[in-house]
Amino acid sequence: MRKSTVQKGKGTVEEAAGKAGGDSRPEAEGEADRMAAEARAAIERVHESARKAHDDMKRSGS
């Protein structure tokens, strides 16, 4: 499982707990975790694409 998926889940739970409890701090922290997870996921996708491109270049002999 990717780190971004775990972080996003944690953020979603924390945000929901803050909303349910009426506390804005956990809600804000959960939202921040979720947004950080989305950024991490984007970086992971770019890294994976770069790795695939590198492997394709190796296979083609270029």
# chains A, B, ... in the order shown; residues from 1 in each chain; ligands from 1
call {"tool": "residues_around", "arguments": {"residues": "A:Arg40", "least_positions_apart": "6", "cutoff": "12 Å", "atoms": "only C-alpha atoms", "output": "VMD selection string"}}
result
chain A and resid 2 to 8 33 to 34 46 to 47
call {"tool": "atom_distance", "arguments": {"atom1": "atom CA of A:Ala28", "atom2": "atom CA of A:Lys10"}}
result
12.6 Å
call {"tool": "closest_residue", "arguments": {"among": "A:Glu38, A:Ala53, A:Arg25, A:Glu44", "to": "A:Gly9", "atoms": "only C-alpha atoms"}}
result
A:Glu38
call {"tool": "closest_residue", "arguments": {"among": "A:Thr12, A:Lys58, A:Ala41, A:Ser49", "to": "A:Glu29", "atoms": "only C-alpha atoms"}}
result
A:Thr12
call {"tool": "atom_distance", "arguments": {"atom1": "atom CA of A:Ala16", "atom2": "atom CA of A:Gly30"}}
result
7.9 Å
call {"tool": "atom_distance", "arguments": {"atom1": "atom CA of A:His54", "atom2": "atom CA of A:Ala37"}}
result
25.5 Å
